[in-house]
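Trainee: The following file, target-v8.cif, comprises mmCIF, C-alpha atoms and all ligand atoms:
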data_final
loop_
_atom_site.label_atom_id
_atom_site.label_comp_id
_atom_site.auth_asym_id
_atom_site.auth_seq_id
_atom_site.Cartn_x
_atom_site.Cartn_y
_atom_site.Cartn_z
CA MET A 27 -98.33 -101.40 5.74
CA PRO A 28 -100.43 -99.46 8.27
CA PHE A 29 -99.21 -95.85 8.51
CA SER A 30 -98.83 -96.26 12.27
CA THR A 31 -96.06 -98.84 11.74
CA LEU A 32 -94.13 -96.72 9.21
CA SER A 33 -91.20 -94.56 10.21
CA ARG A 34 -91.20 -90.85 9.42
CA ASP A 35 -88.72 -91.49 6.61
CA GLN A 36 -90.93 -94.18 5.13
CA ILE A 37 -93.96 -91.87 5.21
CA GLN A 38 -91.85 -89.12 3.62
CA GLU A 39 -90.86 -91.56 0.87
CA LEU A 40 -94.50 -92.50 0.33
CA LEU A 41 -95.48 -88.84 0.14
CA VAL A 42 -92.84 -88.19 -2.53
CA GLU A 43 -94.02 -91.20 -4.53
CA GLN A 44 -97.73 -90.34 -4.26
CA SER A 45 -97.12 -86.64 -4.90
CA ALA A 46 -95.42 -87.60 -8.17
CA LYS A 47 -98.51 -89.62 -9.09
CA TYR A 48 -100.65 -86.64 -8.11
CA VAL A 49 -98.69 -84.32 -10.40
CA GLU A 50 -99.20 -86.80 -13.26
CA LEU A 51 -102.90 -86.73 -12.45
CA GLN A 52 -102.99 -82.94 -12.64
CA GLU A 53 -101.06 -82.96 -15.89
CA ALA A 54 -103.61 -85.32 -17.41
CA GLN A 55 -106.15 -82.47 -17.06
CA LEU A 56 -108.95 -84.84 -16.24
CA LYS A 57 -112.57 -83.83 -16.03
CA LEU A 58 -114.12 -86.60 -13.98
CA ASP A 59 -117.21 -86.52 -11.82
CA LEU A 60 -118.07 -88.82 -8.95
CA THR A 61 -120.84 -86.63 -7.52
CA ARG A 62 -123.77 -87.75 -9.58
CA GLY A 63 -125.90 -90.41 -7.95
CA LYS A 64 -127.89 -90.83 -11.09
CA PRO A 65 -128.39 -93.55 -13.68
CA SER A 66 -126.01 -93.65 -16.64
CA PRO A 67 -127.35 -93.14 -20.16
CA GLU A 68 -126.95 -96.90 -20.68
CA GLN A 69 -129.30 -97.53 -17.76
CA LEU A 70 -131.81 -94.98 -19.02
CA ASP A 71 -131.75 -96.70 -22.41
CA LEU A 72 -133.15 -99.84 -20.75
CA SER A 73 -136.50 -98.07 -20.45
CA ASN A 74 -136.68 -96.37 -23.84
CA GLU A 75 -139.80 -98.39 -24.62
CA LEU A 76 -141.58 -95.95 -22.31
CA LEU A 77 -141.11 -93.28 -24.95
CA SER A 78 -143.57 -94.99 -27.26
CA LEU A 79 -146.12 -95.85 -24.55
CA PRO A 80 -148.99 -95.75 -23.80
CA GLY A 81 -149.60 -95.45 -27.55
CA GLY A 82 -153.09 -94.68 -28.82
CA ASP A 83 -154.84 -96.59 -26.05
CA PHE A 84 -154.96 -94.14 -23.19
CA LYS A 85 -157.56 -95.84 -20.97
CA ASP A 86 -156.54 -98.05 -18.06
CA ALA A 87 -158.20 -101.35 -17.09
CA ALA A 88 -160.89 -99.47 -15.13
CA GLY A 89 -161.72 -97.39 -18.20
CA THR A 90 -160.12 -94.20 -16.82
CA ASP A 91 -159.19 -91.75 -19.54
CA THR A 92 -155.69 -91.01 -18.34
CA ARG A 93 -155.53 -87.83 -20.39
CA ASN A 94 -158.10 -86.12 -18.23
CA TYR A 95 -158.13 -84.52 -14.79
CA GLY A 96 -158.73 -86.46 -11.60
CA GLY A 97 -157.71 -89.72 -9.98
CA LEU A 98 -155.76 -88.19 -7.10
CA THR A 99 -154.60 -91.56 -5.75
CA GLY A 100 -152.96 -92.56 -9.06
CA LEU A 101 -153.71 -95.59 -11.22
CA THR A 102 -154.69 -98.69 -9.29
CA GLY A 103 -152.71 -101.11 -11.47
CA LEU A 104 -149.47 -99.30 -10.76
CA ARG A 105 -150.27 -98.92 -7.07
CA GLU A 106 -150.83 -102.69 -6.92
CA ILE A 107 -147.28 -103.34 -8.11
CA PHE A 108 -145.71 -101.04 -5.55
CA ALA A 109 -148.09 -102.04 -2.76
CA GLU A 110 -146.39 -105.42 -2.88
CA ILE A 111 -142.89 -103.93 -2.98
CA MET A 112 -143.68 -101.49 -0.16
CA GLN A 113 -145.59 -104.07 1.91
CA VAL A 114 -148.60 -101.78 2.23
CA PRO A 115 -152.23 -102.62 1.31
CA VAL A 116 -153.02 -101.15 -2.10
CA ASP A 117 -155.75 -98.88 -0.71
CA GLN A 118 -153.07 -97.28 1.42
CA VAL A 119 -150.65 -96.54 -1.42
CA ILE A 120 -150.82 -93.54 -3.72
CA CYS A 121 -148.66 -92.57 -6.66
CA GLY A 122 -147.80 -89.09 -7.79
CA ASP A 123 -145.64 -87.11 -10.15
CA ASN A 124 -141.98 -87.79 -10.82
CA ALA A 125 -140.29 -87.29 -7.40
CA SER A 126 -140.69 -89.02 -4.06
CA LEU A 127 -138.75 -86.09 -2.64
CA ALA A 128 -141.76 -83.93 -3.50
CA LEU A 129 -144.04 -86.28 -1.51
CA MET A 130 -141.66 -86.06 1.45
CA HIS A 131 -141.58 -82.29 1.08
CA ASP A 132 -145.37 -82.14 1.07
CA THR A 133 -145.60 -84.42 4.10
CA LEU A 134 -143.39 -82.03 6.04
CA VAL A 135 -145.15 -78.91 4.82
CA PHE A 136 -148.64 -80.31 5.53
CA SER A 137 -147.45 -81.33 9.01
CA LEU A 138 -145.96 -77.92 9.64
CA LEU A 139 -148.96 -75.97 8.40
CA GLN A 140 -151.83 -78.26 9.34
CA GLY A 141 -150.46 -80.81 11.79
CA THR A 142 -150.67 -84.58 11.34
CA VAL A 143 -153.70 -86.67 12.29
CA ASP A 144 -152.18 -87.07 15.76
CA SER A 145 -150.88 -83.53 16.28
CA PRO A 146 -152.26 -81.34 19.05
CA LYS A 147 -151.44 -78.36 16.77
CA PRO A 148 -149.57 -77.63 13.52
CA TRP A 149 -145.87 -78.28 13.93
CA ALA A 150 -145.08 -74.71 12.92
CA LYS A 151 -146.95 -73.49 16.01
CA GLU A 152 -144.63 -75.44 18.30
CA ASP A 153 -141.67 -73.60 19.84
CA ALA A 154 -139.23 -75.99 18.21
CA ILE A 155 -139.38 -79.01 15.93
CA LYS A 156 -136.57 -81.54 15.75
CA PHE A 157 -135.81 -84.56 13.58
CA ILE A 158 -133.41 -87.40 14.27
CA CYS A 159 -130.98 -87.80 11.37
CA PRO A 160 -128.95 -90.99 11.10
CA VAL A 161 -125.54 -90.14 9.63
CA PRO A 162 -124.15 -90.38 7.10
CA GLY A 163 -127.46 -89.82 5.33
CA TYR A 164 -129.16 -88.34 2.27
CA ASP A 165 -128.27 -84.67 1.90
CA ARG A 166 -131.65 -83.71 0.45
CA HIS A 167 -133.48 -85.01 3.53
CA PHE A 168 -131.30 -82.71 5.59
CA ALA A 169 -131.79 -79.84 3.16
CA LEU A 170 -135.57 -80.14 3.61
CA CYS A 171 -135.21 -79.89 7.38
CA GLU A 172 -132.89 -76.92 7.08
CA GLU A 173 -135.24 -75.18 4.65
CA TYR A 174 -138.17 -75.41 7.06
CA GLY A 175 -136.34 -74.73 10.31
CA ILE A 176 -136.49 -78.30 11.63
CA GLU A 177 -133.54 -78.77 13.94
CA MET A 178 -131.50 -81.86 13.11
CA LEU A 179 -130.13 -84.30 15.67
CA PRO A 180 -127.48 -86.57 14.18
CA VAL A 181 -127.20 -90.17 15.41
CA ALA A 182 -124.70 -92.74 14.20
CA LEU A 183 -125.94 -95.13 11.54
CA ASN A 184 -124.55 -98.64 11.98
CA ASP A 185 -124.70 -101.51 9.48
CA ASP A 186 -128.05 -102.63 10.89
CA GLY A 187 -129.65 -99.26 11.58
CA PRO A 188 -129.36 -96.19 13.79
CA ASP A 189 -127.75 -96.17 17.22
CA MET A 190 -130.89 -97.00 19.19
CA GLU A 191 -129.53 -95.82 22.51
CA ALA A 192 -129.17 -92.31 21.10
CA VAL A 193 -132.57 -92.54 19.36
CA ARG A 194 -134.32 -93.64 22.56
CA GLU A 195 -132.75 -90.74 24.42
CA PHE A 196 -133.80 -88.17 21.83
CA VAL A 197 -137.43 -89.31 21.57
CA ASN A 198 -137.96 -88.39 25.23
CA ASP A 199 -138.09 -84.80 24.00
CA PRO A 200 -141.62 -83.86 22.81
CA ALA A 201 -140.07 -81.47 20.24
CA VAL A 202 -138.64 -84.50 18.42
CA LYS A 203 -141.34 -85.10 15.84
CA GLY A 204 -139.68 -87.53 13.50
CA MET A 205 -136.70 -89.19 11.94
CA TRP A 206 -135.32 -90.00 8.52
CA LEU A 207 -134.53 -93.55 7.53
CA VAL A 208 -133.49 -95.16 4.27
CA PRO A 209 -134.19 -98.75 5.26
CA THR A 210 -132.72 -100.79 2.45
CA TYR A 211 -129.36 -99.76 1.15
CA GLY A 212 -128.92 -96.42 2.86
CA ASN A 213 -127.61 -93.41 1.00
CA PRO A 214 -124.63 -93.36 1.18
CA SER A 215 -123.82 -96.12 3.68
CA GLY A 216 -125.61 -99.06 2.03
CA SER A 217 -126.72 -100.14 5.49
CA VAL A 218 -129.92 -102.16 5.86
CA ILE A 219 -132.19 -101.67 8.85
CA SER A 220 -132.58 -105.01 10.55
CA GLU A 221 -135.90 -106.51 11.50
CA ALA A 222 -134.94 -106.15 15.19
CA ILE A 223 -134.14 -102.45 14.94
CA ALA A 224 -137.24 -101.80 12.84
CA ALA A 225 -139.29 -103.49 15.58
CA GLU A 226 -137.66 -101.29 18.22
CA LEU A 227 -138.34 -98.16 16.18
CA ALA A 228 -141.95 -99.22 15.82
CA ALA A 229 -142.44 -100.03 19.49
CA MET A 230 -140.46 -97.29 21.27
CA GLU A 231 -142.41 -94.79 23.30
CA THR A 232 -141.99 -91.22 22.10
CA ALA A 233 -142.84 -88.06 24.00
CA ALA A 234 -144.40 -86.58 20.84
CA PRO A 235 -147.79 -88.24 20.13
CA ASP A 236 -147.33 -87.44 16.44
CA PHE A 237 -143.82 -88.82 15.97
CA ARG A 238 -143.22 -89.84 12.34
CA ILE A 239 -140.73 -92.21 10.78
CA MET A 240 -139.94 -90.99 7.27
CA TRP A 241 -139.21 -94.44 5.79
CA ASP A 242 -137.68 -93.56 2.42
CA ASN A 243 -137.27 -96.86 0.65
CA ALA A 244 -135.73 -95.32 -2.47
CA TYR A 245 -133.56 -98.41 -3.12
CA ALA A 246 -136.08 -101.13 -2.20
CA VAL A 247 -135.34 -103.28 -5.27
CA HIS A 248 -131.91 -101.93 -6.18
CA HIS A 249 -129.85 -104.99 -5.38
CA LEU A 250 -126.23 -105.30 -6.48
CA THR A 251 -125.94 -109.01 -5.74
CA GLU A 252 -128.21 -112.02 -6.21
CA GLN A 253 -129.36 -111.51 -2.64
CA GLN A 254 -132.73 -109.73 -2.71
CA THR A 255 -132.65 -108.11 0.71
CA LYS A 256 -136.16 -107.73 2.04
CA THR A 257 -137.08 -104.52 3.83
CA ALA A 258 -138.59 -104.81 7.29
CA ASP A 259 -142.37 -104.40 7.31
CA ILE A 260 -142.46 -101.11 9.18
CA LEU A 261 -146.20 -100.56 8.70
CA GLY A 262 -147.06 -103.98 10.15
CA LEU A 263 -144.57 -103.57 13.00
CA CYS A 264 -145.88 -100.12 13.93
CA ALA A 265 -149.50 -101.26 13.76
CA ALA A 266 -148.72 -104.27 15.95
CA SER A 267 -147.07 -101.96 18.50
CA GLY A 268 -150.05 -99.62 18.69
CA HIS A 269 -148.45 -96.86 16.57
CA PRO A 270 -150.21 -97.33 13.23
CA ASN A 271 -149.68 -93.74 12.09
CA ARG A 272 -145.96 -93.60 12.85
CA PRO A 273 -144.49 -94.59 9.46
CA MET A 274 -144.71 -92.61 6.24
CA ILE A 275 -143.35 -94.88 3.52
CA TYR A 276 -141.89 -93.72 0.20
CA ALA A 277 -140.61 -95.40 -2.93
CA SER A 278 -139.92 -94.31 -6.47
CA THR A 279 -139.11 -95.50 -9.97
CA SER A 280 -136.54 -92.73 -10.43
CA LYS A 281 -133.74 -95.31 -10.50
CA ILE A 282 -135.85 -97.99 -12.12
CA THR A 283 -137.07 -96.21 -15.27
CA PHE A 284 -136.30 -92.53 -15.94
CA ALA A 285 -134.86 -90.50 -13.07
CA GLY A 286 -136.54 -87.32 -14.27
CA SER A 287 -139.82 -88.85 -15.41
CA GLY A 288 -140.48 -91.65 -12.99
CA ILE A 289 -143.30 -92.31 -10.55
CA PRO A 290 -143.12 -91.80 -6.78
CA PHE A 291 -145.19 -93.72 -4.25
CA MET A 292 -146.29 -93.08 -0.72
CA GLY A 293 -147.84 -95.55 1.71
CA GLY A 294 -148.99 -95.56 5.30
CA SER A 295 -151.97 -96.11 7.56
CA ALA A 296 -155.42 -95.47 6.11
CA ASP A 297 -155.69 -92.36 8.30
CA ASN A 298 -152.35 -90.98 7.14
CA ILE A 299 -153.17 -91.52 3.48
CA ALA A 300 -156.60 -89.90 3.86
CA TRP A 301 -154.90 -86.97 5.63
CA PHE A 302 -152.34 -86.59 2.86
CA LEU A 303 -154.94 -86.80 0.09
CA LYS A 304 -157.10 -84.20 1.79
CA HIS A 305 -154.29 -81.67 1.66
CA LEU A 306 -152.99 -82.85 -1.72
CA ALA A 307 -156.43 -82.21 -3.21
CA LYS A 308 -155.83 -78.49 -2.72
CA ARG A 309 -152.51 -78.66 -4.51
CA THR A 310 -153.50 -80.61 -7.62
CA ILE A 311 -156.58 -81.98 -9.35
CA GLY A 312 -154.72 -85.16 -10.11
CA PRO A 313 -151.37 -86.63 -11.14
CA ASP A 314 -149.89 -87.29 -14.58
CA LYS A 315 -151.81 -90.50 -15.23
CA VAL A 316 -150.46 -90.82 -18.78
CA ASN A 317 -146.99 -91.32 -17.33
CA GLN A 318 -148.46 -93.72 -14.79
CA LEU A 319 -150.19 -95.73 -17.53
CA ARG A 320 -147.05 -96.04 -19.61
CA HIS A 321 -145.16 -97.19 -16.53
CA LEU A 322 -147.87 -99.75 -15.80
CA ARG A 323 -147.78 -101.08 -19.37
CA TYR A 324 -143.99 -101.17 -19.39
CA LEU A 325 -143.40 -102.73 -15.97
CA GLN A 326 -146.56 -104.89 -15.98
CA ASP A 327 -146.08 -106.48 -12.56
CA VAL A 328 -143.62 -107.02 -9.73
CA ASP A 329 -141.73 -109.60 -11.78
CA GLY A 330 -141.38 -106.97 -14.49
CA VAL A 331 -139.78 -104.61 -11.98
CA HIS A 332 -137.34 -107.26 -10.78
CA ALA A 333 -136.46 -108.26 -14.35
CA LEU A 334 -135.64 -104.64 -15.17
CA MET A 335 -133.62 -104.28 -11.96
CA ASP A 336 -131.58 -107.34 -12.99
CA LYS A 337 -130.59 -105.43 -16.12
CA HIS A 338 -129.58 -102.43 -14.03
CA ARG A 339 -127.58 -104.74 -11.80
CA ALA A 340 -125.70 -106.14 -14.80
CA ILE A 341 -124.55 -102.59 -15.59
CA LEU A 342 -123.99 -101.36 -12.03
CA ALA A 343 -122.48 -104.31 -10.19
CA PRO A 344 -119.21 -104.34 -12.21
CA LYS A 345 -118.78 -100.62 -11.50
CA PHE A 346 -119.20 -101.09 -7.76
CA SER A 347 -116.83 -104.08 -7.83
CA LYS A 348 -114.26 -101.99 -9.65
CA VAL A 349 -114.47 -99.20 -7.06
CA VAL A 350 -113.96 -101.62 -4.21
CA GLU A 351 -111.17 -103.46 -6.06
CA ILE A 352 -109.21 -100.24 -6.70
CA LEU A 353 -109.69 -98.95 -3.15
CA GLU A 354 -108.54 -102.30 -1.80
CA SER A 355 -105.47 -102.47 -4.02
CA ARG A 356 -104.42 -98.83 -3.45
CA LEU A 357 -105.46 -98.24 0.16
CA GLY A 358 -105.86 -101.71 1.66
CA GLY A 359 -103.56 -102.37 4.59
CA HIS A 360 -102.54 -98.71 5.03
CA ASP A 361 -105.11 -98.08 7.74
CA VAL A 362 -105.94 -94.63 6.37
CA ALA A 363 -109.48 -95.36 5.15
CA THR A 364 -112.36 -97.80 5.26
CA TRP A 365 -115.10 -98.13 2.68
CA THR A 366 -118.38 -99.93 2.21
CA ASP A 367 -118.98 -102.81 -0.19
CA PRO A 368 -122.73 -102.35 -0.52
CA LYS A 369 -125.15 -105.09 -1.49
CA GLY A 370 -127.40 -102.53 -3.13
CA GLY A 371 -128.21 -98.88 -3.62
CA TYR A 372 -126.23 -96.22 -5.40
CA PHE A 373 -123.21 -95.30 -3.31
CA VAL A 374 -119.93 -96.36 -1.79
CA SER A 375 -119.19 -94.54 1.44
CA LEU A 376 -115.51 -93.87 2.09
CA ASP A 377 -114.32 -92.96 5.58
CA THR A 378 -110.78 -91.60 5.75
CA SER A 379 -108.85 -91.10 8.96
CA ASP A 380 -110.33 -88.23 10.97
CA GLY A 381 -109.65 -84.78 9.61
CA LEU A 382 -108.77 -85.80 6.05
CA ALA A 383 -111.96 -85.71 4.01
CA SER A 384 -111.99 -81.99 3.15
CA ARG A 385 -108.35 -82.12 2.13
CA VAL A 386 -108.93 -85.19 -0.04
CA VAL A 387 -111.90 -83.59 -1.78
CA LYS A 388 -109.85 -80.42 -2.40
CA LEU A 389 -106.92 -82.38 -3.79
CA ALA A 390 -109.29 -84.33 -6.04
CA LYS A 391 -110.95 -81.15 -7.26
CA ASP A 392 -107.60 -79.58 -8.11
CA ALA A 393 -106.80 -82.69 -10.13
CA GLY A 394 -110.06 -82.50 -12.09
CA ILE A 395 -112.04 -85.09 -10.09
CA ALA A 396 -115.28 -83.64 -8.76
CA MET A 397 -116.38 -85.22 -5.49
CA THR A 398 -119.47 -84.42 -3.41
CA PRO A 399 -118.34 -81.84 -0.81
CA ALA A 400 -116.97 -83.39 2.37
CA GLY A 401 -119.66 -83.30 5.05
CA ALA A 402 -122.53 -83.36 2.52
CA ALA A 403 -123.99 -86.48 4.12
CA PHE A 404 -124.35 -84.72 7.49
CA PRO A 405 -126.87 -82.18 8.80
CA TYR A 406 -125.74 -78.63 8.03
CA GLY A 407 -122.89 -80.13 5.95
CA ASP A 408 -120.94 -80.68 9.14
CA ASP A 409 -119.10 -83.97 9.49
CA PRO A 410 -117.62 -83.54 12.98
CA ARG A 411 -114.85 -86.02 12.19
CA ASP A 412 -114.27 -84.68 8.67
CA ARG A 413 -113.83 -88.19 7.32
CA ASN A 414 -116.79 -89.15 5.13
CA ILE A 415 -116.72 -89.01 1.34
CA ARG A 416 -119.62 -90.19 -0.82
CA ILE A 417 -118.69 -91.97 -4.03
CA ALA A 418 -121.33 -92.28 -6.75
CA PRO A 419 -120.15 -94.92 -9.26
CA SER A 420 -123.27 -95.16 -11.44
CA PHE A 421 -122.91 -92.36 -13.97
CA PRO A 422 -119.36 -92.47 -15.37
CA GLY A 423 -118.32 -95.08 -17.89
CA MET A 424 -116.02 -97.83 -16.64
CA ALA A 425 -112.76 -96.31 -17.93
CA GLU A 426 -113.56 -92.91 -16.44
CA LEU A 427 -114.62 -94.49 -13.17
CA GLU A 428 -111.34 -96.42 -12.90
CA GLN A 429 -109.30 -93.26 -13.50
CA ALA A 430 -111.35 -91.30 -10.99
CA ILE A 431 -111.14 -93.86 -8.18
CA ASP A 432 -107.45 -94.42 -8.74
CA GLY A 433 -106.95 -90.65 -8.63
CA LEU A 434 -109.05 -90.42 -5.48
CA ALA A 435 -106.91 -93.10 -3.83
CA THR A 436 -103.81 -91.08 -4.67
CA CYS A 437 -105.40 -88.04 -3.01
CA VAL A 438 -106.18 -90.07 0.13
CA LEU A 439 -102.57 -91.26 0.37
CA VAL A 440 -101.15 -87.78 -0.18
CA ALA A 441 -103.48 -86.30 2.46
CA ALA A 442 -102.77 -89.09 4.93
CA ALA A 443 -99.01 -88.74 4.50
CA GLU A 444 -99.22 -84.95 4.88
CA GLN A 445 -101.20 -85.39 8.08
CA ALA A 446 -98.81 -87.97 9.50
CA LEU A 447 -95.86 -85.67 8.87
CA ALA A 448 -97.52 -82.48 10.11
N1 LIG A 501 -134.40 -90.80 -1.48
C1 LIG A 501 -133.13 -91.19 -1.50
C2 LIG A 501 -132.58 -91.90 -0.32
C3 LIG A 501 -132.32 -90.91 -2.60
O1 LIG A 501 -131.05 -91.28 -2.59
C4 LIG A 501 -132.88 -90.23 -3.70
C5 LIG A 501 -132.07 -89.87 -4.87
O2 LIG A 501 -130.88 -89.85 -4.84
C6 LIG A 501 -134.23 -89.85 -3.64
C7 LIG A 501 -134.98 -90.15 -2.52
C8 LIG A 501 -134.88 -89.07 -4.75
O3 LIG A 501 -135.93 -89.78 -5.24
P1 LIG A 501 -136.93 -89.12 -6.27
O4 LIG A 501 -136.22 -89.00 -7.56
O5 LIG A 501 -138.08 -90.06 -6.31
O6 LIG A 501 -137.33 -87.78 -5.72
#
Is it possible to give me this structure as structure tokens?
Ligand code: PLP
Mentor:
Amino acid sequence: MPFSTLSRDQIQELLVEQSAKYVELQEAQLKLDLTRGKPSPEQLDLSNELLSLPGGDFKDAAGTDTRNYGGLTGLTGLREIFAEIMQVPVDQVICGDNASLALMHDTLVFSLLQGTVDSPKPWAKEDAIKFICPVPGYDRHFALCEEYGIEMLPVALNDDGPDMEAVREFVNDPAVKGMWLVPTYGNPSGSVISEAIAAELAAMETAAPDFRIMWDNAYAVHHLTEQQTKTADILGLCAASGHPNRPMIYASTSKITFAGSGIPFMGGSADNIAWFLKHLAKRTIGPDKVNQLRHLRYLQDVDGVHALMDKHRAILAPKFSKVVEILESRLGGHDVATWTDPKGGYFVSLDTSDGLASRVVKLAKDAGIAMTPAGAAFPYGDDPRDRNIRIAPSFPGMAELEQAIDGLATCVLVAAAEQALA
């Protein structure tokens, strides 16, 4: 029954019942963790073949000795695979070392210190720099902005993309130099940016001539159902609208092969890639091509990537289904929370009634269930409605996951009953 239809006595009764469950939970002295948006050991095992690659043959098809210096763009064979996934011509894709976050970091730092190809001056020389941040979003994007003094402007993220009215308003300010977007299966919302919204983002006029869309397609091929959602072609859309340099596109094998030893990719206009390489050349003589070669030999082609992702899906999809099933059975109908049922990506996003998230996370912590801090998916860690909780189902085993989500549901009910009686 929705809480709003319950009498005070009924809510009191529910609180007593759920508090008893909560005490049982505490007595069980659990040590569960729902914070880690990382692959489980079982998923990592899928790619163990990488450990014996590239073997004794360390030259790629072009005869490059991968053991040596050089080759700043990364190996062509591997770039070809991701060029198709990222919908970017292969000449405009580069691959680097182990973290797309590092490529995003460098993009920001190069822009701040040197300016982009369209910047009148380095961003750091401007009085203020601002980025639009759809929320809830990826905490590390926001941490990068905070680290470098880029002011963050939150806008609501809907199922099909950011609130465009708010975005259009913000881009009238020349200090607004960019925005973060995770187009396919947002972290943590699972939302997918529609073709129509992508087209609007590409076409909109911005006061800043060097406005950048940081298009972080970290979950491009991370489907949880048979439906292989296709990402909008942001590069093509921007080029067609006369803004070829607007998008900076990122992808990564962190959640395809090994999260700590994967390969990141970056794509964009020819000018943007040349700009990035020019600055990158001062930072490194070349990437870890041995790791790139073993990835190329292991994945082979786009079909190889999809086949591997099917194996991940077989492990992940039952976990996501279990989360949604438990939330539905424990919280459904009470009107105290809503949650996503994502078609891909790595997270379930739980929204409690306003003002409950911090209390729920605290209750969970005191019962041995570690949750990502409330507000983590918002700039400066500030969720103005204190309602969003990010659930990462990938890492725990199924039994642990069930216990943790059931415990979390108990915490939501206790917090909601406390609030209703306060
Ligand atoms: N982008 C998003 C949206 C993510 O969720 C993550 C990891 O959680 C990353 C990037 C990190 O990717 P990488 O390991 O390539 O740095």
Trainee: Give the residues close to ligand LIG 501 (chain A), within 10 Å, counting all atoms listed in the file; write them as a ChimeraX atom specification.
Mentor: /A:62-65,122-131,163-167,206-214,241-245,276-281,284-291,371-373
Trainee: Could you state the separation of CA of Glu221 in chain A and CA of Pro188 in chain A in Å, given to one decimal place?
Mentor: 12.4 Å
Trainee: Mind listing whatever residues come within 12 Å of the point (-147.3, -90.4, -16.2)? Use all atoms listed in the file, file coordinates, and give them as a tab-separated table (two decimals) with C-alpha atoms, in the frame of the given file.
Mentor:
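Saved the output as selection02.tsv:
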chain	number	residue	atom	x	y	z
A	76	LEU	CA	-141.58	-95.95	-22.31
A	77	LEU	CA	-141.11	-93.28	-24.95
A	79	LEU	CA	-146.12	-95.85	-24.55
A	80	PRO	CA	-148.99	-95.75	-23.80
A	84	PHE	CA	-154.96	-94.14	-23.19
A	92	THR	CA	-155.69	-91.01	-18.34
A	93	ARG	CA	-155.53	-87.83	-20.39
A	94	ASN	CA	-158.10	-86.12	-18.23
A	100	GLY	CA	-152.96	-92.56	-9.06
A	101	LEU	CA	-153.71	-95.59	-11.22
A	104	LEU	CA	-149.47	-99.30	-10.76
A	121	CYS	CA	-148.66	-92.57	-6.66
A	122	GLY	CA	-147.80	-89.09	-7.79
A	123	ASP	CA	-145.64	-87.11	-10.15
A	124	ASN	CA	-141.98	-87.79	-10.82
A	125	ALA	CA	-140.29	-87.29	-7.40
A	279	THR	CA	-139.11	-95.50	-9.97
A	283	THR	CA	-137.07	-96.21	-15.27
A	284	PHE	CA	-136.30	-92.53	-15.94
A	286	GLY	CA	-136.54	-87.32	-14.27
A	287	SER	CA	-139.82	-88.85	-15.41
A	288	GLY	CA	-140.48	-91.65	-12.99
A	289	ILE	CA	-143.30	-92.31	-10.55
A	290	PRO	CA	-143.12	-91.80	-6.78
A	312	GLY	CA	-154.72	-85.16	-10.11
A	313	PRO	CA	-151.37	-86.63	-11.14
A	314	ASP	CA	-149.89	-87.29	-14.58
A	315	LYS	CA	-151.81	-90.50	-15.23
A	316	VAL	CA	-150.46	-90.82	-18.78
A	317	ASN	CA	-146.99	-91.32	-17.33
A	318	GLN	CA	-148.46	-93.72	-14.79
A	319	LEU	CA	-150.19	-95.73	-17.53
A	320	ARG	CA	-147.05	-96.04	-19.61
A	321	HIS	CA	-145.16	-97.19	-16.53
A	322	LEU	CA	-147.87	-99.75	-15.80
A	323	ARG	CA	-147.78	-101.08	-19.37
A	324	TYR	CA	-143.99	-101.17	-19.39
Trainee: Measuring atom to atom with only C-alpha atoms, identify which of A:Val349, A:Val440, A:Ala258, A:Ile415 is nearest to Glu226 in chain A.
Mentor: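 Closest residue, counting only C-alpha atoms: A:Ala258.
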Trainee: Need the shell around range 36-39 of chain A: protein/DNA/RNA residues with any atom at most 9 Å away, counting only C-alpha atoms. Skip same-chain ones fewer than 5 positions apart. Format as a ChimeraX atom specification?
Mentor: /A:29,44,443-444,446-447
Trainee: Can you tell me how far CA of Ala233 in chain A sits from CA of Pro160 in chain A, in Å to one decimal?
Mentor: 19.2 Å
Trainee: Measuring between all atoms listed in the file, which one of A:Tyr48, A:Phe196, A:Tyr174, A:Tyr406 shows the shortest distance to Leu138 in chain A?
Mentor: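 Closest candidate: A:Tyr174.
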Trainee: Mind pulling up the distance from CA of Ala343 in chain A to CA of Val438 in chain A?
Mentor: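 It comes out at 24.0 Å.
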Trainee: Which of these residues is nearest to Val374 in chain A, using all atoms listed in the file: A:Gly103, A:Gly96, A:Pro419, A:Gly175?
Mentor: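 Closest residue, counting all atoms listed in the file: A:Pro419.
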Trainee: Using only C-alpha atoms, which residue out of A:Cys437, A:Ile282, A:Leu60, A:Ala109 lies closest to Ala333 in chain A?
Mentor: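 The answer is A:Ile282, which sits nearest to Ala333 in chain A.
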Trainee: Identify, on the basis of only C-alpha atoms, every residue whose closest approach to Glu177 in chain A does not exceed 12 Å; exclude the query and any residue fewer than 2 positions from it along the same chain; express the result as an MDAnalysis selection string.
Mentor: chainID A and resid 153:159 168:175 179:180 201:205 405:406
Trainee: Between A:Val218, A:Ala442, A:Ile223, A:Val135, which one has atoms that come closest to Asp189 in chain A, using all atoms listed in the file?
Mentor: A:Ile223
Trainee: When you look at Asn198 in chain A with a cut-off of 7 Å (counting all atoms listed in the file), what residues show up, excluding the ones that are within fewer than 3 positions of it in the same chain? I need them as an MDAnalysis selection string.
Mentor: chainID A and resid 194:195 232:233
Trainee: Using all atoms listed in the file, find each residue of range 417-438 of chain A with at least one atom at most 12 Å away from an atom of range 357-369 of chain A; report its shortest atom-to-atom pair and that distance in Å (one decimal), sort the rows by chain and rising residue number, and return the result as a Markdown table.
Mentor:
| residue | atom | partner | partner_atom | distance |
| --- | --- | --- | --- | --- |
| A:Ile417 | CA | A:Trp365 | CA | 9.8 |
| A:Ala418 | CA | A:Pro368 | CA | 11.9 |
| A:Pro419 | CA | A:Pro368 | CA | 11.8 |
| A:Ile431 | CA | A:Leu357 | CA | 11.0 |
| A:Asp432 | CA | A:Leu357 | CA | 9.9 |
| A:Gly433 | CA | A:Leu357 | CA | 11.7 |
| A:Leu434 | CA | A:Leu357 | CA | 10.3 |
| A:Ala435 | CA | A:Leu357 | CA | 6.7 |
| A:Thr436 | CA | A:Leu357 | CA | 8.8 |
| A:Cys437 | CA | A:Leu357 | CA | 10.7 |
| A:Val438 | CA | A:Val362 | CA | 7.7 |
